[in-house]
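Asker: What follows is start36.pdb, PDB, C-alpha atoms.
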ATOM      1  CA  MET A  29      84.835  89.562  66.852
ATOM      2  CA  GLN A  30      85.471  86.153  65.328
ATOM      3  CA  GLY A  31      86.019  86.094  61.551
ATOM      4  CA  ALA A  32      85.235  88.746  58.947
ATOM      5  CA  ILE A  33      82.979  91.712  59.737
ATOM      6  CA  PRO A  34      79.862  91.251  57.575
ATOM      7  CA  PRO A  35      78.865  94.292  55.452
ATOM      8  CA  GLU A  36      75.362  93.934  56.947
ATOM      9  CA  LYS A  37      76.797  94.845  60.370
ATOM     10  CA  ILE A  38      77.952  98.172  58.970
ATOM     11  CA  ALA A  39      74.509  98.886  57.498
ATOM     12  CA  THR A  40      72.843  97.924  60.796
ATOM     13  CA  SER A  41      75.205 100.180  62.741
ATOM     14  CA  ILE A  42      74.249 103.125  60.540
ATOM     15  CA  ALA A  43      70.551 102.321  60.939
ATOM     16  CA  ASN A  44      70.949 102.137  64.737
ATOM     17  CA  HIS A  45      72.090 105.772  64.815
ATOM     18  CA  GLN A  46      69.194 107.253  62.864
ATOM     19  CA  SER A  47      67.242 107.947  66.048
ATOM     20  CA  LYS A  48      70.144 110.042  67.421
ATOM     21  CA  THR A  49      69.256 113.317  65.751
ATOM     22  CA  ASN A  50      71.994 115.376  67.434
ATOM     23  CA  ILE A  51      74.425 113.599  65.086
ATOM     24  CA  GLY A  52      75.251 115.503  61.900
ATOM     25  CA  ALA A  53      78.131 113.380  60.583
ATOM     26  CA  HIS A  54      79.459 109.852  60.687
ATOM     27  CA  SER A  55      82.907 108.788  59.624
ATOM     28  CA  ILE A  56      83.616 105.164  58.848
ATOM     29  CA  PHE A  57      86.915 103.383  58.288
ATOM     30  CA  LEU A  58      86.905  99.854  56.912
ATOM     31  CA  GLY A  59      90.044  97.767  56.733
ATOM     32  CA  GLN A  60      89.900  95.158  53.957
ATOM     33  CA  ILE A  61      92.255  92.225  53.345
ATOM     34  CA  ARG A  62      94.422  92.831  50.298
ATOM     35  CA  ALA A  63      95.624  90.016  48.019
ATOM     36  CA  ASP A  64      99.277  91.098  48.171
ATOM     37  CA  GLU A  65     101.734  89.285  45.957
ATOM     38  CA  ILE A  66     104.986  88.512  47.777
ATOM     39  CA  ASP A  67     107.824  86.639  46.061
ATOM     40  CA  GLY A  68     105.424  85.269  43.462
ATOM     41  CA  LYS A  69     102.874  84.028  46.041
ATOM     42  CA  THR A  70      99.461  85.584  46.587
ATOM     43  CA  VAL A  71      97.915  86.234  50.015
ATOM     44  CA  SER A  72      94.557  84.459  50.359
ATOM     45  CA  ALA A  73      93.708  85.343  53.989
ATOM     46  CA  ILE A  74      95.058  86.848  57.190
ATOM     47  CA  GLU A  75      94.602  84.969  60.434
ATOM     48  CA  TYR A  76      94.461  87.381  63.372
ATOM     49  CA  THR A  77      95.407  86.562  66.940
ATOM     50  CA  ALA A  78      95.727  88.935  69.874
ATOM     51  CA  TYR A  79      96.896  89.284  73.438
ATOM     52  CA  GLU A  80      93.216  89.616  74.136
ATOM     53  CA  GLU A  81      93.198  90.928  77.712
ATOM     54  CA  MET A  82      95.716  93.652  76.835
ATOM     55  CA  ALA A  83      94.002  94.431  73.527
ATOM     56  CA  GLU A  84      90.713  95.053  75.404
ATOM     57  CA  THR A  85      92.512  97.395  77.821
ATOM     58  CA  VAL A  86      94.248  99.298  75.011
ATOM     59  CA  PHE A  87      91.018  99.591  72.963
ATOM     60  CA  HIS A  88      89.378 101.065  76.060
ATOM     61  CA  GLU A  89      92.263 103.557  76.582
ATOM     62  CA  ILE A  90      92.176 104.600  72.931
ATOM     63  CA  ARG A  91      88.393 105.171  73.068
ATOM     64  CA  GLU A  92      88.755 107.229  76.255
ATOM     65  CA  ALA A  93      91.562 109.278  74.659
ATOM     66  CA  ALA A  94      89.412 109.906  71.568
ATOM     67  CA  PHE A  95      86.435 111.019  73.689
ATOM     68  CA  SER A  96      88.587 113.465  75.659
ATOM     69  CA  LYS A  97      90.250 114.826  72.502
ATOM     70  CA  PHE A  98      87.212 115.086  70.225
ATOM     71  CA  ASP A  99      83.597 116.146  70.749
ATOM     72  CA  MET A 100      82.169 112.822  69.551
ATOM     73  CA  THR A 101      78.615 111.633  70.108
ATOM     74  CA  CYS A 102      79.618 107.987  69.862
ATOM     75  CA  CYS A 103      82.329 105.681  68.719
ATOM     76  CA  HIS A 104      82.407 101.986  67.849
ATOM     77  CA  ILE A 105      85.379  99.758  67.052
ATOM     78  CA  TYR A 106      85.315  96.159  65.806
ATOM     79  CA  HIS A 107      88.382  94.113  64.885
ATOM     80  CA  SER A 108      88.396  90.568  63.560
ATOM     81  CA  LEU A 109      90.068  87.620  65.221
ATOM     82  CA  GLY A 110      90.724  84.364  63.380
ATOM     83  CA  PRO A 111      90.895  83.996  59.605
ATOM     84  CA  VAL A 112      89.645  86.717  57.264
ATOM     85  CA  LYS A 113      89.783  86.108  53.509
ATOM     86  CA  THR A 114      90.979  88.628  50.930
ATOM     87  CA  GLY A 115      88.285  91.128  50.060
ATOM     88  CA  GLU A 116      86.632  90.773  53.472
ATOM     89  CA  ILE A 117      86.514  93.414  56.213
ATOM     90  CA  CYS A 118      88.761  93.056  59.275
ATOM     91  CA  LEU A 119      88.435  96.486  60.946
ATOM     92  CA  PHE A 120      85.388  98.717  61.351
ATOM     93  CA  VAL A 121      85.773 102.090  63.072
ATOM     94  CA  PHE A 122      82.661 104.241  63.308
ATOM     95  CA  THR A 123      82.666 107.757  64.774
ATOM     96  CA  SER A 124      79.739 110.144  65.015
ATOM     97  CA  SER A 125      79.604 113.818  65.857
ATOM     98  CA  ALA A 126      77.538 116.946  65.309
ATOM     99  CA  HIS A 127      79.954 118.045  62.573
ATOM    100  CA  ARG A 128      82.051 116.332  59.904
ATOM    101  CA  LYS A 129      85.551 117.544  60.830
ATOM    102  CA  VAL A 130      85.367 116.082  64.313
ATOM    103  CA  ALA A 131      83.983 112.765  63.054
ATOM    104  CA  ILE A 132      86.699 112.469  60.380
ATOM    105  CA  GLU A 133      89.609 113.517  62.628
ATOM    106  CA  ALA A 134      88.469 111.238  65.445
ATOM    107  CA  CYS A 135      88.166 108.314  63.045
ATOM    108  CA  ASN A 136      91.709 108.911  61.714
ATOM    109  CA  PHE A 137      93.066 109.216  65.240
ATOM    110  CA  LEU A 138      91.453 105.924  66.271
ATOM    111  CA  VAL A 139      92.724 104.004  63.232
ATOM    112  CA  GLU A 140      96.313 105.232  63.713
ATOM    113  CA  GLU A 141      96.224 104.440  67.438
ATOM    114  CA  ILE A 142      94.798 100.959  66.813
ATOM    115  CA  LYS A 143      97.531 100.158  64.286
ATOM    116  CA  ALA A 144     100.298 101.436  66.554
ATOM    117  CA  ARG A 145      99.183 100.273  69.990
ATOM    118  CA  VAL A 146      96.875  97.265  69.991
ATOM    119  CA  PRO A 147      98.631  93.884  70.373
ATOM    120  CA  ILE A 148      97.054  92.148  67.383
ATOM    121  CA  PHE A 149      99.123  89.865  65.165
ATOM    122  CA  GLY A 150      98.441  88.816  61.590
ATOM    123  CA  LYS A 151      99.519  85.659  59.810
ATOM    124  CA  GLU A 152      99.376  86.175  56.037
ATOM    125  CA  ILE A 153      98.320  82.865  54.518
ATOM    126  CA  PHE A 154      99.237  82.277  50.883
ATOM    127  CA  GLU A 155      97.252  80.290  48.331
ATOM    128  CA  ASP A 156      99.741  77.388  48.677
ATOM    129  CA  GLU A 157      99.017  77.336  52.472
ATOM    130  CA  THR A 158     102.487  78.604  53.448
ATOM    131  CA  HIS A 159     102.512  81.751  55.560
ATOM    132  CA  GLN A 160     104.450  84.765  56.772
ATOM    133  CA  TRP A 161     103.846  87.227  59.602
ATOM    134  CA  LYS A 162     102.472  90.641  58.742
ATOM    135  CA  VAL A 163     104.072  93.810  60.090
ATOM    136  CA  ASN A 164     102.268  97.170  59.972
ATOM    137  CA  SER A 165     104.076  99.738  57.849
TER     138      SER A 165
ATOM    139  CA  MET B  15     109.858  82.916  92.112
ATOM    140  CA  LYS B  16     107.370  81.910  89.443
ATOM    141  CA  VAL B  17     106.238  84.063  86.509
ATOM    142  CA  GLN B  18     103.791  83.288  83.723
ATOM    143  CA  VAL B  19     105.253  83.923  80.276
ATOM    144  CA  LYS B  20     103.030  84.277  77.197
ATOM    145  CA  TYR B  21     104.185  84.220  73.582
ATOM    146  CA  PHE B  22     102.315  85.597  70.573
ATOM    147  CA  GLY B  23     102.407  85.455  66.784
ATOM    148  CA  MET B  24     105.729  84.532  65.214
ATOM    149  CA  ILE B  25     107.304  84.229  68.670
ATOM    150  CA  ALA B  26     104.784  81.597  69.789
ATOM    151  CA  GLU B  27     105.572  79.786  66.550
ATOM    152  CA  ALA B  28     109.353  79.918  67.231
ATOM    153  CA  VAL B  29     108.902  78.840  70.860
ATOM    154  CA  GLY B  30     106.422  76.095  69.958
ATOM    155  CA  LYS B  31     103.926  76.927  72.722
ATOM    156  CA  PRO B  32     101.692  79.840  73.698
ATOM    157  CA  GLU B  33     102.760  80.062  77.333
ATOM    158  CA  GLU B  34     104.809  78.563  80.118
ATOM    159  CA  GLU B  35     105.481  79.047  83.797
ATOM    160  CA  LEU B  36     109.116  79.842  84.594
ATOM    161  CA  GLU B  37     110.997  79.623  87.858
ATOM    162  CA  LEU B  38     113.336  82.642  87.977
ATOM    163  CA  ASP B  39     115.908  83.930  90.431
ATOM    164  CA  PRO B  40     114.546  86.788  92.547
ATOM    165  CA  GLY B  41     115.661  90.112  91.065
ATOM    166  CA  THR B  42     115.616  88.908  87.446
ATOM    167  CA  SER B  43     114.998  91.929  85.222
ATOM    168  CA  VAL B  44     112.755  92.154  82.162
ATOM    169  CA  SER B  45     115.772  92.526  79.862
ATOM    170  CA  GLU B  46     117.542  89.525  81.427
ATOM    171  CA  LEU B  47     114.477  87.343  80.855
ATOM    172  CA  LYS B  48     114.154  88.671  77.296
ATOM    173  CA  MET B  49     117.807  87.936  76.482
ATOM    174  CA  ASN B  50     117.534  84.487  77.992
ATOM    175  CA  GLN B  51     114.402  83.520  76.026
ATOM    176  CA  VAL B  52     115.726  85.035  72.783
ATOM    177  CA  LYS B  53     118.816  82.866  73.144
ATOM    178  CA  SER B  54     117.177  79.632  74.232
ATOM    179  CA  TYR B  55     114.395  79.707  71.596
ATOM    180  CA  GLY B  56     116.315  81.427  68.776
ATOM    181  CA  ILE B  57     113.771  84.266  68.587
ATOM    182  CA  LYS B  58     114.625  86.345  65.513
ATOM    183  CA  ASP B  59     114.963  90.130  65.339
ATOM    184  CA  PRO B  60     114.858  90.673  69.140
ATOM    185  CA  ASP B  61     114.907  94.471  68.714
ATOM    186  CA  SER B  62     111.396  94.265  67.254
ATOM    187  CA  VAL B  63     110.106  92.272  70.249
ATOM    188  CA  GLN B  64     108.239  94.294  72.876
ATOM    189  CA  ILE B  65     107.726  92.956  76.382
ATOM    190  CA  ALA B  66     104.593  93.677  78.413
ATOM    191  CA  VAL B  67     104.616  93.051  82.144
ATOM    192  CA  ASN B  68     101.084  92.738  83.502
ATOM    193  CA  GLN B  69      99.913  94.332  80.218
ATOM    194  CA  HIS B  70     102.243  97.368  80.467
ATOM    195  CA  LEU B  71     104.815  97.750  77.711
ATOM    196  CA  ASN B  72     108.560  98.191  77.918
ATOM    197  CA  GLN B  73     109.163  98.569  81.600
ATOM    198  CA  GLU B  74     112.761  98.207  82.732
ATOM    199  CA  ILE B  75     111.940  96.622  86.063
ATOM    200  CA  GLU B  76     112.750  93.622  88.199
ATOM    201  CA  LEU B  77     110.129  90.919  87.917
ATOM    202  CA  LYS B  78     108.049  89.782  90.885
ATOM    203  CA  GLU B  79     106.378  86.518  91.848
ATOM    204  CA  GLY B  80     103.178  86.043  89.846
ATOM    205  CA  ASP B  81     103.952  88.591  87.101
ATOM    206  CA  GLU B  82     102.522  87.949  83.644
ATOM    207  CA  VAL B  83     105.178  88.634  81.015
ATOM    208  CA  ALA B  84     104.156  88.752  77.352
ATOM    209  CA  PHE B  85     106.540  88.558  74.380
ATOM    210  CA  LEU B  86     104.952  90.608  71.609
ATOM    211  CA  PRO B  87     106.107  90.663  67.980
ATOM    212  CA  PRO B  88     105.353  93.723  65.782
ATOM    213  CA  PHE B  89     101.658  94.646  65.831
ATOM    214  CA  ALA B  90      99.609  94.077  62.694
ATOM    215  CA  GLY B  91      96.091  95.206  63.550
ATOM    216  CA  GLY B  92      93.920  96.982  61.007
TER     217      GLY B  92
END
Using structure tokens, write down the structure that the file contains.
Answerer:
Amino acid sequence: MQGAIPPEKIATSIANHQSKTNIGAHSIFLGQIRADEIDGKTVSAIEYTAYEEMAETVFHEIREAAFSKFDMTCCHIYHSLGPVKTGEICLFVFTSSAHRKVAIEACNFLVEEIKARVPIFGKEIFEDETHQWKVNS
Amino acid sequence: MKVQVKYFGMIAEAVGKPEEELELDPGTSVSELKMNQVKSYGIKDPDSVQIAVNQHLNQEIELKEGDEVAFLPPFAGG
């Protein structure tokens, strides 16, 4: 989705699952933009771009892999495109299951797979408007 | 033969454009195209660059007419 993920979207997503009473546990991961200091300059935002067609395909593969590996009830993934300021949310992964262990493990699996496999690129923009390219550690 | 080449992130910045159509000799391999583009555009740290052909990563194949080749810098999602 374009820009930061609003906190209200997370609340709404939780509310939308309250009618699904076979769910006993949700696990949520939120990625937030950190104001890293690099060589005396502070990050003010990250601008995300992606190879969008491939990213969609890989997100789909990762979801399918998670559903075949874990007994999840449902699973939602949102990642920002475009600029996201420090303190704002850029990744929202939401897994639901009958029991907590499955929800938590599935959520971890999805986050690690997203970081490793989805062609998303991040430009770290500093307060002085210079930039550098982010690399996942 | 013609292939569509897409560049992303720091590579698009180094190349100065997001994509271009290239006329290649038949039988050109993925690694030959990579070496060629790394040299002509001065793309840094080529070992960190992954190539996707028609959205599939790191295939050591000969390119075909109409292929979409993407030059991908390290991923930074999340």
Asker: Find the residues of chain B in contact range of chain A, meaning any atom within 10 Å when counting only C-alpha atoms, and list them as a list in words.
Answerer: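 My answer is Lys20, Tyr21, Phe22, Gly23, Met24, Gln64, Ala66, Asn68, Gln69, His70, Leu71, Ala84, Phe85, Leu86, Pro87, Pro88, Phe89, Ala90, Gly91 and Gly92 of chain B.
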Asker: Tell me which of B:Glu79, B:Ser62, B:Val67, B:Lys48 sits closest to Glu35 (chain B), counting all atoms listed in the file.
Answerer: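 Among the listed residues, the smallest separation from Glu35 (chain B) belongs to B:Glu79.
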Asker: Take the PyMOL selection byres ((chain A and resi 31) around 6), run it mentally on this structure, and tell me the resulting residues as a list in words.
Answerer: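 Those residues are Gln30, Ala32, Ser108, Leu109, Gly110, Pro111 and Val112 of chain A.
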Asker: Mind giving me the straight-line distance from CA of Glu34 (chain B) to CA of Glu76 (chain B) in Å, one decimal?
Answerer: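 Distance reported for this atom pair: 18.8 Å.
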Asker: Which protein, DNA or RNA residues have an atom at most 10 Å from (114.2, 81.6, 68.7), counting all atoms listed in the file? List them as an MDAnalysis selection string.
Answerer: chainID B and resid 24:30 51:60
Asker: Generate N, CA and C atoms for region 43-78 of chain B and emit them as a compact mmCIF listing (two decimals), keeping the file's coordinate frame.
Answerer:
# COMPACT_ATOMS: atom_id res chain seq x y z
N SER B 43 115.60 90.77 85.88
CA SER B 43 115.00 91.93 85.22
C SER B 43 114.30 91.50 83.93
N VAL B 44 113.47 92.41 83.42
CA VAL B 44 112.76 92.15 82.16
C VAL B 44 113.76 91.88 81.05
N SER B 45 114.82 92.71 80.96
CA SER B 45 115.77 92.53 79.86
C SER B 45 116.57 91.23 80.01
N GLU B 46 116.84 90.81 81.24
CA GLU B 46 117.54 89.52 81.43
C GLU B 46 116.67 88.37 80.94
N LEU B 47 115.38 88.41 81.31
CA LEU B 47 114.48 87.34 80.86
C LEU B 47 114.38 87.35 79.33
N LYS B 48 114.27 88.56 78.76
CA LYS B 48 114.15 88.67 77.30
C LYS B 48 115.39 88.05 76.63
N MET B 49 116.57 88.45 77.09
CA MET B 49 117.81 87.94 76.48
C MET B 49 117.87 86.41 76.58
N ASN B 50 117.50 85.93 77.73
CA ASN B 50 117.53 84.49 77.99
C ASN B 50 116.62 83.71 77.04
N GLN B 51 115.38 84.22 76.87
CA GLN B 51 114.40 83.52 76.03
C GLN B 51 114.78 83.65 74.54
N VAL B 52 115.30 84.82 74.17
CA VAL B 52 115.73 85.04 72.78
C VAL B 52 116.79 84.00 72.43
N LYS B 53 117.72 83.81 73.38
CA LYS B 53 118.82 82.87 73.14
C LYS B 53 118.31 81.43 73.14
N SER B 54 117.52 81.06 74.15
CA SER B 54 117.18 79.63 74.23
C SER B 54 116.20 79.20 73.14
N TYR B 55 115.35 80.12 72.64
CA TYR B 55 114.40 79.71 71.60
C TYR B 55 114.78 80.21 70.20
N GLY B 56 115.92 80.91 70.09
CA GLY B 56 116.32 81.43 68.78
C GLY B 56 115.30 82.39 68.20
N ILE B 57 114.75 83.28 69.07
CA ILE B 57 113.77 84.27 68.59
C ILE B 57 114.50 85.29 67.71
N LYS B 58 113.95 85.46 66.48
CA LYS B 58 114.62 86.34 65.51
C LYS B 58 114.28 87.81 65.75
N ASP B 59 115.16 88.68 65.31
CA ASP B 59 114.96 90.13 65.34
C ASP B 59 114.50 90.61 66.72
N PRO B 60 115.31 90.35 67.77
CA PRO B 60 114.86 90.67 69.14
C PRO B 60 114.56 92.15 69.35
N ASP B 61 115.19 93.04 68.53
CA ASP B 61 114.91 94.47 68.71
C ASP B 61 113.45 94.81 68.41
N SER B 62 112.80 93.98 67.60
CA SER B 62 111.40 94.26 67.25
C SER B 62 110.43 93.67 68.28
N VAL B 63 110.97 92.92 69.26
CA VAL B 63 110.11 92.27 70.25
C VAL B 63 109.86 93.22 71.43
N GLN B 64 108.58 93.48 71.70
CA GLN B 64 108.24 94.29 72.88
C GLN B 64 107.78 93.36 74.00
N ILE B 65 108.11 93.76 75.23
CA ILE B 65 107.73 92.96 76.38
C ILE B 65 106.69 93.73 77.19
N ALA B 66 105.59 93.07 77.52
CA ALA B 66 104.59 93.68 78.41
C ALA B 66 104.62 92.91 79.73
N VAL B 67 104.71 93.66 80.82
CA VAL B 67 104.62 93.05 82.14
C VAL B 67 103.27 93.46 82.73
N ASN B 68 102.44 92.48 83.03
CA ASN B 68 101.08 92.74 83.50
C ASN B 68 100.38 93.76 82.59
N GLN B 69 100.55 93.54 81.29
CA GLN B 69 99.91 94.33 80.22
C GLN B 69 100.50 95.72 80.01
N HIS B 70 101.61 96.07 80.69
CA HIS B 70 102.24 97.37 80.47
C HIS B 70 103.54 97.18 79.70
N LEU B 71 103.69 97.95 78.63
CA LEU B 71 104.82 97.75 77.71
C LEU B 71 106.12 98.33 78.23
N ASN B 72 107.21 97.64 77.86
CA ASN B 72 108.56 98.19 77.92
C ASN B 72 108.93 98.81 79.27
N GLN B 73 108.75 98.07 80.29
CA GLN B 73 109.16 98.57 81.60
C GLN B 73 110.50 97.93 81.95
N GLU B 74 111.47 98.75 82.32
CA GLU B 74 112.76 98.21 82.73
C GLU B 74 112.74 97.97 84.24
N ILE B 75 112.13 96.86 84.63
CA ILE B 75 111.94 96.62 86.06
C ILE B 75 112.42 95.22 86.43
N GLU B 76 112.50 94.99 87.72
CA GLU B 76 112.75 93.62 88.20
C GLU B 76 111.41 92.92 88.31
N LEU B 77 111.38 91.67 87.89
CA LEU B 77 110.13 90.92 87.92
C LEU B 77 109.81 90.46 89.34
N LYS B 78 108.52 90.25 89.58
CA LYS B 78 108.05 89.78 90.88
C LYS B 78 107.28 88.47 90.72
